[in-house]
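Raw contents of query-v9.txt, compact mmCIF, C-alpha atoms:
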```txt
# COMPACT_ATOMS: atom_id res chain seq x y z
CA MET A 1 1.06 15.84 0.15
CA ILE A 2 -2.40 17.29 0.05
CA LEU A 3 -2.81 17.61 3.78
CA ALA A 4 0.53 19.04 4.82
CA GLY A 5 1.80 22.51 4.25
CA ALA A 6 -1.50 24.34 4.67
CA THR A 7 -1.17 27.99 5.60
CA HIS A 8 -1.24 28.36 9.35
CA ASP A 9 -3.65 30.76 11.03
CA PRO A 10 -2.72 31.17 14.71
CA ASP A 11 -6.32 31.92 15.73
CA ARG A 12 -7.51 28.52 14.61
CA ILE A 13 -6.09 25.12 15.41
CA ASP A 14 -5.59 23.02 12.30
CA ILE A 15 -5.64 19.53 13.78
CA LEU A 16 -4.12 17.82 10.77
CA HIS A 17 -1.28 20.31 10.59
CA HIS A 18 -0.66 19.77 14.26
CA LEU A 19 -0.57 16.01 13.80
CA MET A 20 1.43 15.95 10.59
CA ASP A 21 4.27 17.65 12.45
CA SER A 22 6.20 18.58 9.34
CA GLU A 23 8.73 20.70 11.23
CA ALA A 24 12.21 19.62 10.17
CA TYR A 25 15.08 19.22 12.61
CA TYR A 26 17.71 19.06 9.95
CA HIS A 27 17.44 20.00 6.31
CA VAL A 28 18.97 17.40 4.00
CA ALA A 29 17.69 17.84 0.48
CA THR A 30 14.56 18.28 -1.59
CA LEU A 31 14.22 15.92 -4.53
CA PRO A 32 12.66 17.21 -7.75
CA GLY A 33 8.88 17.09 -7.43
CA GLY A 34 8.94 18.53 -3.92
CA ILE A 35 9.82 15.26 -2.17
CA SER A 36 11.49 16.34 1.05
CA LEU A 37 14.28 14.29 2.59
CA ASP A 38 14.42 16.44 5.72
CA ILE A 39 14.80 14.81 9.11
CA THR A 40 11.57 15.42 11.02
CA ARG A 41 10.41 14.13 14.38
CA HIS A 42 8.70 11.24 12.66
CA VAL A 43 11.92 10.19 10.96
CA VAL A 44 13.75 10.32 14.30
CA LEU A 45 10.96 8.31 15.93
CA MET A 46 11.26 5.65 13.21
CA TRP A 47 14.99 5.46 13.85
CA ILE A 48 14.35 5.03 17.57
CA ALA A 49 11.81 2.29 16.84
CA SER A 50 14.27 0.47 14.56
CA LEU A 51 17.07 0.80 17.10
CA LEU A 52 14.84 -0.52 19.90
CA MET A 53 13.82 -3.43 17.67
CA ILE A 54 17.45 -4.28 16.89
CA ILE A 55 18.43 -4.15 20.57
CA VAL A 56 15.42 -6.07 21.93
CA MET A 57 15.16 -8.67 19.18
CA SER A 58 18.86 -9.47 18.93
CA SER A 59 19.22 -9.83 22.69
CA ILE A 60 16.23 -12.19 22.69
CA ALA A 61 17.41 -14.17 19.70
CA ARG A 62 20.76 -14.79 21.38
CA GLN A 63 19.15 -16.52 24.35
CA LYS A 64 19.81 -20.24 24.41
CA GLY A 65 17.57 -22.97 25.70
CA LEU A 66 13.86 -23.71 25.52
CA VAL A 67 12.88 -21.87 28.68
CA PRO A 68 12.51 -18.11 28.03
CA ARG A 69 13.87 -15.51 30.42
CA GLY A 70 13.12 -11.81 30.75
CA ALA A 71 11.69 -9.98 27.73
CA ARG A 72 11.61 -13.22 25.74
CA ASN A 73 8.55 -14.18 27.80
CA LEU A 74 6.75 -11.18 26.29
CA ILE A 75 7.93 -11.37 22.69
CA GLU A 76 8.02 -15.10 22.02
CA PRO A 77 4.26 -15.80 22.36
CA VAL A 78 3.58 -12.94 19.93
CA LEU A 79 6.04 -14.36 17.41
CA PHE A 80 4.43 -17.80 17.74
CA PHE A 81 0.96 -16.29 17.41
CA ILE A 82 1.90 -14.55 14.16
CA ARG A 83 3.50 -17.70 12.81
CA ASP A 84 0.67 -20.04 13.80
CA GLU A 85 -2.34 -17.80 13.16
CA LEU A 86 -1.19 -15.66 10.23
CA ALA A 87 1.65 -17.35 8.35
CA ILE A 88 0.69 -21.04 8.44
CA PRO A 89 -2.98 -20.64 7.38
CA ASN A 90 -1.91 -18.46 4.45
CA PHE A 91 1.32 -20.07 3.28
CA HIS A 92 0.92 -23.66 4.61
CA ASP A 93 4.24 -25.50 4.32
CA LYS A 94 6.09 -22.43 2.98
CA ALA A 95 5.31 -20.34 6.07
CA ASN A 96 8.95 -20.18 7.19
CA ARG A 97 9.84 -18.35 4.02
CA TYR A 98 7.54 -15.40 4.76
CA VAL A 99 7.20 -15.29 8.52
CA PRO A 100 10.31 -13.09 9.13
CA PHE A 101 8.79 -10.39 6.93
CA LEU A 102 5.52 -10.53 8.85
CA TRP A 103 7.34 -10.40 12.19
CA THR A 104 9.37 -7.39 11.10
CA ILE A 105 6.41 -5.43 9.78
CA PHE A 106 4.31 -6.24 12.86
CA PHE A 107 6.92 -5.19 15.39
CA PHE A 108 7.99 -2.10 13.47
CA ILE A 109 4.40 -0.82 13.33
CA LEU A 110 3.81 -1.80 16.95
CA PHE A 111 6.95 -0.03 18.18
CA CYS A 112 6.10 3.10 16.18
CA ASN A 113 2.52 3.08 17.50
CA LEU A 114 3.55 2.61 21.11
CA LEU A 115 6.37 5.16 20.96
CA GLY A 116 3.79 7.65 19.72
CA LEU A 117 1.77 7.19 22.90
CA ILE A 118 4.58 8.51 25.12
CA PRO A 119 3.60 12.09 25.95
CA GLY A 120 5.81 14.56 24.11
CA SER A 121 6.82 12.19 21.34
CA ALA A 122 5.13 11.80 17.96
CA THR A 123 3.40 8.92 16.19
CA ALA A 124 5.41 8.08 13.11
CA THR A 125 2.60 5.84 11.81
CA GLY A 126 0.25 8.83 12.11
CA ASN A 127 1.99 10.34 9.09
CA LEU A 128 0.47 9.42 5.75
CA SER A 129 3.89 9.33 4.10
CA VAL A 130 5.13 6.73 6.59
CA THR A 131 2.09 4.50 6.18
CA ALA A 132 2.26 4.91 2.41
CA GLY A 133 5.87 3.72 2.57
CA LEU A 134 4.82 0.70 4.62
CA ALA A 135 1.99 -0.02 2.19
CA LEU A 136 4.46 0.22 -0.71
CA VAL A 137 6.59 -2.44 1.01
CA ALA A 138 3.46 -4.58 1.44
CA PHE A 139 2.55 -4.03 -2.24
CA ALA A 140 6.01 -5.20 -3.31
CA ALA A 141 5.84 -8.18 -0.95
CA ILE A 142 2.43 -9.25 -2.29
CA HIS A 143 3.56 -9.33 -5.91
CA ILE A 144 7.04 -10.73 -5.23
CA THR A 145 5.30 -13.58 -3.38
CA GLY A 146 2.97 -14.16 -6.31
CA VAL A 147 5.77 -14.21 -8.88
CA ARG A 148 8.03 -16.32 -6.68
CA GLU A 149 5.42 -18.99 -6.02
CA ASN A 150 3.82 -19.16 -9.47
CA GLY A 151 6.30 -17.78 -11.98
CA LEU A 152 5.76 -14.47 -13.75
CA LEU A 153 3.55 -15.66 -16.62
CA HIS A 154 1.31 -17.86 -14.51
CA TYR A 155 0.93 -15.08 -11.95
CA LEU A 156 0.00 -12.50 -14.60
CA GLY A 157 -2.48 -14.97 -16.06
CA SER A 158 -4.04 -15.56 -12.67
CA ILE A 159 -4.82 -11.89 -12.01
CA VAL A 160 -8.21 -12.42 -13.67
CA PRO A 161 -9.97 -15.56 -12.41
CA PRO A 162 -11.40 -17.97 -15.01
CA VAL A 163 -14.69 -16.41 -16.21
CA PRO A 164 -16.77 -16.35 -19.42
CA TRP A 165 -14.90 -14.40 -22.12
CA TRP A 166 -17.36 -11.49 -22.27
CA LEU A 167 -16.86 -10.83 -18.56
CA TRP A 168 -13.06 -10.86 -18.85
CA PRO A 169 -12.38 -7.18 -19.79
CA LEU A 170 -14.66 -5.94 -17.03
CA LEU A 171 -12.98 -8.14 -14.44
CA LEU A 172 -9.54 -7.08 -15.65
CA VAL A 173 -10.42 -3.46 -14.83
CA VAL A 174 -11.88 -4.47 -11.46
CA GLU A 175 -8.84 -6.58 -10.56
CA ILE A 176 -6.37 -3.87 -11.56
CA VAL A 177 -8.25 -1.33 -9.44
CA GLY A 178 -8.17 -3.90 -6.63
CA ILE A 179 -4.39 -4.31 -6.91
CA PHE A 180 -3.91 -0.62 -6.17
CA ALA A 181 -6.81 -0.26 -3.75
CA LYS A 182 -5.36 -2.86 -1.37
CA PRO A 183 -2.16 -0.99 -0.40
CA PHE A 184 -4.04 2.32 -0.52
CA ALA A 185 -6.53 0.97 2.00
CA LEU A 186 -3.69 -0.39 4.17
CA ALA A 187 -2.01 3.02 4.24
CA VAL A 188 -5.15 5.04 4.96
CA ARG A 189 -6.43 2.58 7.57
CA LEU A 190 -3.26 2.70 9.67
CA TRP A 191 -2.88 6.46 9.29
CA ALA A 192 -6.49 7.27 10.15
CA ASN A 193 -6.61 4.87 13.09
CA MET A 194 -3.46 6.26 14.64
CA ASN A 195 -4.68 9.83 14.19
CA GLY A 196 -8.26 9.15 15.26
CA GLY A 197 -7.40 8.55 18.91
CA HIS A 198 -5.10 11.55 19.04
CA ILE A 199 -7.81 13.79 17.61
CA VAL A 200 -10.35 12.54 20.17
CA ILE A 201 -7.90 13.22 23.03
CA MET A 202 -7.25 16.68 21.62
CA VAL A 203 -10.99 17.42 21.40
CA MET A 204 -11.49 16.15 24.96
CA MET A 205 -8.74 18.45 26.22
CA GLY A 206 -10.21 21.25 24.12
CA PHE A 207 -13.40 21.08 26.21
CA ILE A 208 -11.40 22.47 29.14
CA PHE A 209 -10.57 25.61 27.17
CA LEU A 210 -14.08 25.78 25.75
CA PHE A 211 -15.97 25.64 29.08
CA LYS A 212 -13.28 27.15 31.33
CA SER A 213 -14.47 25.29 34.44
CA TRP A 214 -12.92 22.85 36.91
CA LEU A 215 -15.74 20.36 36.46
CA ALA A 216 -15.07 20.15 32.73
CA ALA A 217 -11.37 19.69 33.45
CA GLY A 218 -12.03 16.69 35.68
CA ILE A 219 -14.36 15.04 33.19
CA SER A 220 -12.05 15.83 30.27
CA VAL A 221 -8.96 14.37 31.90
CA ALA A 222 -10.85 11.23 32.92
CA ALA A 223 -12.27 10.79 29.42
CA ALA A 224 -8.89 11.47 27.79
CA THR A 225 -7.27 8.85 30.03
CA ALA A 226 -9.93 6.34 29.00
CA ILE A 227 -9.34 7.14 25.34
CA TYR A 228 -5.60 6.75 25.94
CA MET A 229 -6.21 3.22 27.22
CA LEU A 230 -8.27 2.54 24.11
CA GLU A 231 -5.38 3.86 22.03
CA LEU A 232 -3.03 1.35 23.66
CA PHE A 233 -5.36 -1.38 22.43
CA VAL A 234 -5.73 0.19 18.99
CA ALA A 235 -1.93 0.41 18.66
CA LEU A 236 -1.73 -3.36 19.08
CA LEU A 237 -4.82 -4.06 16.98
CA GLN A 238 -3.75 -1.96 13.99
CA ALA A 239 -0.29 -3.51 13.93
CA TYR A 240 -2.06 -6.88 13.89
CA VAL A 241 -4.59 -5.84 11.22
CA PHE A 242 -1.87 -4.49 8.92
CA THR A 243 0.15 -7.70 9.28
CA PHE A 244 -2.95 -9.86 8.96
CA LEU A 245 -4.14 -8.19 5.76
CA THR A 246 -0.64 -8.25 4.27
CA ALA A 247 -0.43 -11.97 5.05
CA VAL A 248 -3.86 -12.64 3.54
CA PHE A 249 -3.07 -10.70 0.35
CA MET A 250 0.32 -12.44 0.07
CA GLY A 251 -1.42 -15.79 0.54
CA MET A 252 -3.97 -14.88 -2.15
CA ALA A 253 -1.12 -13.99 -4.51
CA ALA A 254 0.71 -17.23 -3.68
CA HIS A 255 -2.34 -19.45 -4.23
CA PRO A 256 -4.48 -17.80 -6.91
CA ASP A 257 -6.51 -20.95 -7.56
CA HIS A 258 -8.50 -20.66 -4.37
CA MET B 259 -20.90 28.83 2.48
CA GLU B 260 -18.16 27.90 4.93
CA GLY B 261 -20.71 26.91 7.56
CA LEU B 262 -22.51 24.69 5.07
CA ALA B 263 -19.25 23.01 4.09
CA MET B 264 -18.40 22.37 7.73
CA MET B 265 -21.89 20.99 8.30
CA GLY B 266 -21.46 18.72 5.32
CA ALA B 267 -18.17 17.43 6.66
CA GLY B 268 -19.72 16.73 10.05
CA ILE B 269 -22.82 15.06 8.66
CA GLY B 270 -20.67 13.00 6.30
CA ALA B 271 -18.52 11.74 9.16
CA GLY B 272 -21.65 10.90 11.12
CA ILE B 273 -23.25 8.94 8.29
CA ALA B 274 -20.01 7.07 7.64
CA THR B 275 -19.89 6.09 11.31
CA LEU B 276 -23.51 4.97 11.16
CA GLY B 277 -22.88 2.70 8.20
CA ALA B 278 -19.66 1.26 9.60
CA GLY B 279 -21.26 0.67 12.98
CA LEU B 280 -24.19 -1.20 11.43
CA GLY B 281 -21.91 -3.26 9.21
CA ILE B 282 -19.36 -4.21 11.87
CA GLY B 283 -22.18 -4.87 14.32
CA LYS B 284 -23.74 -7.35 11.90
CA ILE B 285 -20.38 -9.06 11.42
CA ALA B 286 -19.81 -9.33 15.17
CA ALA B 287 -23.33 -10.66 15.70
CA GLY B 288 -22.84 -13.31 13.05
CA ALA B 289 -19.41 -14.26 14.36
CA VAL B 290 -20.52 -14.58 17.98
CA GLU B 291 -23.54 -16.63 16.92
CA SER B 292 -21.47 -19.01 14.86
CA ILE B 293 -18.78 -19.35 17.56
CA ALA B 294 -21.55 -20.24 20.01
CA ARG B 295 -22.82 -22.89 17.63
CA GLN B 296 -19.40 -24.25 16.75
CA PRO B 297 -16.83 -23.29 19.38
CA GLU B 298 -14.12 -25.46 17.78
CA ALA B 299 -14.15 -23.23 14.66
CA ALA B 300 -13.58 -20.07 16.74
CA GLY B 301 -10.11 -19.41 15.28
CA ASP B 302 -11.22 -19.45 11.63
CA ILE B 303 -14.33 -17.40 12.39
CA ARG B 304 -12.31 -14.80 14.28
CA GLY B 305 -9.94 -14.48 11.34
CA SER B 306 -12.64 -13.85 8.77
CA MET B 307 -14.46 -11.56 11.19
CA ILE B 308 -11.40 -9.34 11.58
CA LEU B 309 -10.76 -9.36 7.84
CA THR B 310 -14.27 -8.24 6.87
CA ALA B 311 -14.48 -5.77 9.76
CA ALA B 312 -11.18 -4.26 8.64
CA LEU B 313 -12.45 -3.94 5.07
CA ILE B 314 -15.61 -2.13 6.20
CA GLU B 315 -13.58 0.01 8.56
CA GLY B 316 -11.33 0.99 5.66
CA VAL B 317 -14.27 2.32 3.65
CA ALA B 318 -15.55 4.26 6.66
CA LEU B 319 -12.11 5.72 7.23
CA PHE B 320 -11.94 6.86 3.60
CA ALA B 321 -15.18 8.72 4.20
CA CYS B 322 -13.81 10.26 7.39
CA ALA B 323 -10.57 11.24 5.67
CA ILE B 324 -12.55 13.03 2.96
CA CYS B 325 -14.63 14.81 5.61
CA PHE B 326 -11.41 15.83 7.31
CA MET B 327 -10.04 17.20 4.05
CA ILE B 328 -13.17 19.33 3.67
CA GLN B 329 -12.83 20.50 7.27
CA SER B 330 -9.15 21.38 6.97
CA LYS B 331 -9.72 23.12 3.64
CA PHE B 332 -12.03 25.59 5.34
CA ALA B 333 -10.42 25.71 8.77
CA GLY B 334 -6.80 25.77 7.66
```

What is this structure when it is put down as structure tokens?
Amino acid sequence: MILAGATHDPDRIDILHHLMDSEAYYHVATLPGGISLDITRHVVLMWIASLLMIIVMSSIARQKGLVPRGARNLIEPVLFFIRDELAIPNFHDKANRYVPFLWTIFFFILFCNLLGLIPGSATATGNLSVTAGLALVAFAAIHITGVRENGLLHYLGSIVPPVPWWLWPLLLVVEIVGIFAKPFALAVRLWANMNGGHIVIMVMMGFIFLFKSWLAAGISVAAATAIYMLELFVALLQAYVFTFLTAVFMGMAAHPDH
Amino acid sequence: MEGLAMMGAGIGAGIATLGAGLGIGKIAAGAVESIARQPEAAGDIRGSMILTAALIEGVALFACAICFMIQSKFAG
């Protein structure tokens, strides 16, 4: 990681180091190449998110009858929205095959984002390694969809759209760059959005220490609260955008002709 | 030199915001206009609006991430 592990100078606050939160609770192992398997706060937060998802979703799924009760009132419209607005326009009659994946990725990101907004906890999706892992899953899903719907040879042939032969090598390069740029953009977008709000709140609170006055404290706290409300919205929006873009890319891989 | 680098990071973030703001503003203007003309197509228009806005936002965030890397290289 380029951003983590910078030398820490106590006189200066390194925001990224603060947000990366690479402090390990429990040392497990370090793979060759410096890939750490340590259990950090972000790993624990992801476990909590998964556990919450298992508890909430399985209790809702066990409910019988058409009329929802309790938390099902909250979750069910979201599930229907993702199916009707994201899965069906992209996969048409094969939507049921891919909608569980979209649901899972949406709620996992949403739970991680919202857990990160509880004061004292940490945003797992604000770690570039976590979002890169999610983007890797999306990358695999995009190409597995393409191969599954079209067959390997037809899918490979459809990477470059039909163009005049002299344009073909150029487009091949462009398309291959595009294949890797898509998950890269997904990872950086989620990571930067989740960190952006935190950085703004930190800067707002920093004004108190900069001006050392009660007036600044009042304004700072009010502004930070407003930004916190915006962050609640961004948490939902970025989970949606990640799922939406994954669905669109999967749909493009499934139907390369248009 | 450090001050110049910090200034560059700040100015870069500002210019990236300017470009992204202009671009997303144009998208929103176009989307609102077309929804007003054809309210029954609001769902499709909203979808493509979010897609293109997210793509522009991604580029702007790349720029901001690079500015942040410059900043943290000198402030770290």

Could you tell me which of B:Ala299, B:Ala323, B:Ala294, B:Ala286 comes closest to chain A if we count only C-alpha atoms?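 The answer is B:Ala323, which sits nearest to chain A.
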
Please provide the set of residues having any atom within 12 Å of Arg41 of chain A, restricted to only C-alpha atoms, with same-chain residues fewer than 2 positions apart removed, written as a VMD selection string. chain A and resid 19 to 26 38 to 39 43 to 48 112 115 to 116 120 to 127 130

For segment 268-284 of chain B, please output as a ChimeraX atom specification all residues within 7 Å (counting only C-alpha atoms; exclusion window: fewer than 6 positions along the same chain). /B:311,314-315,318,321-322,325

For chain B versus chain A, which residues have an atom no more than 9 Å away, and what is each residue's nearest atom pair and distance in Å rounded to one decimal, using all atoms listed in the file, chain-then-number order, as a Markdown table?
```
| residue | atom | partner | partner_atom | distance |
| --- | --- | --- | --- | --- |
| B:Gly301 | CA | A:Glu85 | CA | 8.2 |
| B:Gly305 | CA | A:Glu85 | CA | 8.5 |
| B:Ile308 | CA | A:Val241 | CA | 7.7 |
| B:Leu309 | CA | A:Leu245 | CA | 7.0 |
| B:Ala312 | CA | A:Val241 | CA | 7.3 |
| B:Leu313 | CA | A:Ala185 | CA | 8.3 |
| B:Glu315 | CA | A:Arg189 | CA | 7.7 |
| B:Gly316 | CA | A:Arg189 | CA | 5.5 |
| B:Val317 | CA | A:Ala185 | CA | 8.0 |
| B:Leu319 | CA | A:Arg189 | CA | 6.5 |
| B:Phe320 | CA | A:Val188 | CA | 7.2 |
| B:Cys322 | CA | A:Ala192 | CA | 8.4 |
| B:Ala323 | CA | A:Ala192 | CA | 7.2 |
| B:Phe326 | CA | A:Leu16 | CA | 8.3 |
| B:Met327 | CA | A:Leu3 | CA | 7.2 |
| B:Ser330 | CA | A:Asp14 | CA | 6.6 |
| B:Lys331 | CA | A:Ala6 | CA | 8.4 |
| B:Ala333 | CA | A:Asp14 | CA | 6.6 |
| B:Gly334 | CA | A:Asp14 | CA | 5.5 |
```

Which residues are near segment 135-148 of chain A? Cut-off 10 Å, all atoms listed in the file, ignore same chain within fewer than 5 positions. Put them as a PyMOL selection string. chain A and resi 97-98+101-102+105+129-130+153-156+158-159+179-180+182-188+190+242-243+245-256

What gap, in Å, lies between atom CA of Ala95 of chain A and atom CA of Ile82 of chain A? 10.5 Å

Env of Asp93 of chain A: 12 Å cut, atoms = all atoms listed in the file, seq-sep filter 6 positions within chain, self excluded. Answer as a PyMOL selection string. chain A and resi 83-84+87+99+251

Point (-20.8, 24.0, 5.1), cut-off 10 Å, counting only C-alpha atoms, residues as an mmCIF file with C-alpha atoms, keeping the file's coordinate frame:
```cif
data_model
loop_
_atom_site.group_PDB
_atom_site.id
_atom_site.type_symbol
_atom_site.label_atom_id
_atom_site.label_comp_id
_atom_site.auth_asym_id
_atom_site.auth_seq_id
_atom_site.Cartn_x
_atom_site.Cartn_y
_atom_site.Cartn_z
ATOM 1 C CA MET B 259 -20.900 28.830 2.480
ATOM 2 C CA GLU B 260 -18.160 27.900 4.930
ATOM 3 C CA GLY B 261 -20.710 26.910 7.560
ATOM 4 C CA LEU B 262 -22.510 24.690 5.070
ATOM 5 C CA ALA B 263 -19.250 23.010 4.090
ATOM 6 C CA MET B 264 -18.400 22.370 7.730
ATOM 7 C CA MET B 265 -21.890 20.990 8.300
ATOM 8 C CA GLY B 266 -21.460 18.720 5.320
ATOM 9 C CA ALA B 267 -18.170 17.430 6.660
ATOM 10 C CA GLY B 268 -19.720 16.730 10.050
ATOM 11 C CA ILE B 269 -22.820 15.060 8.660
ATOM 12 C CA ILE B 328 -13.170 19.330 3.670
ATOM 13 C CA GLN B 329 -12.830 20.500 7.270
ATOM 14 C CA PHE B 332 -12.030 25.590 5.340
#
```
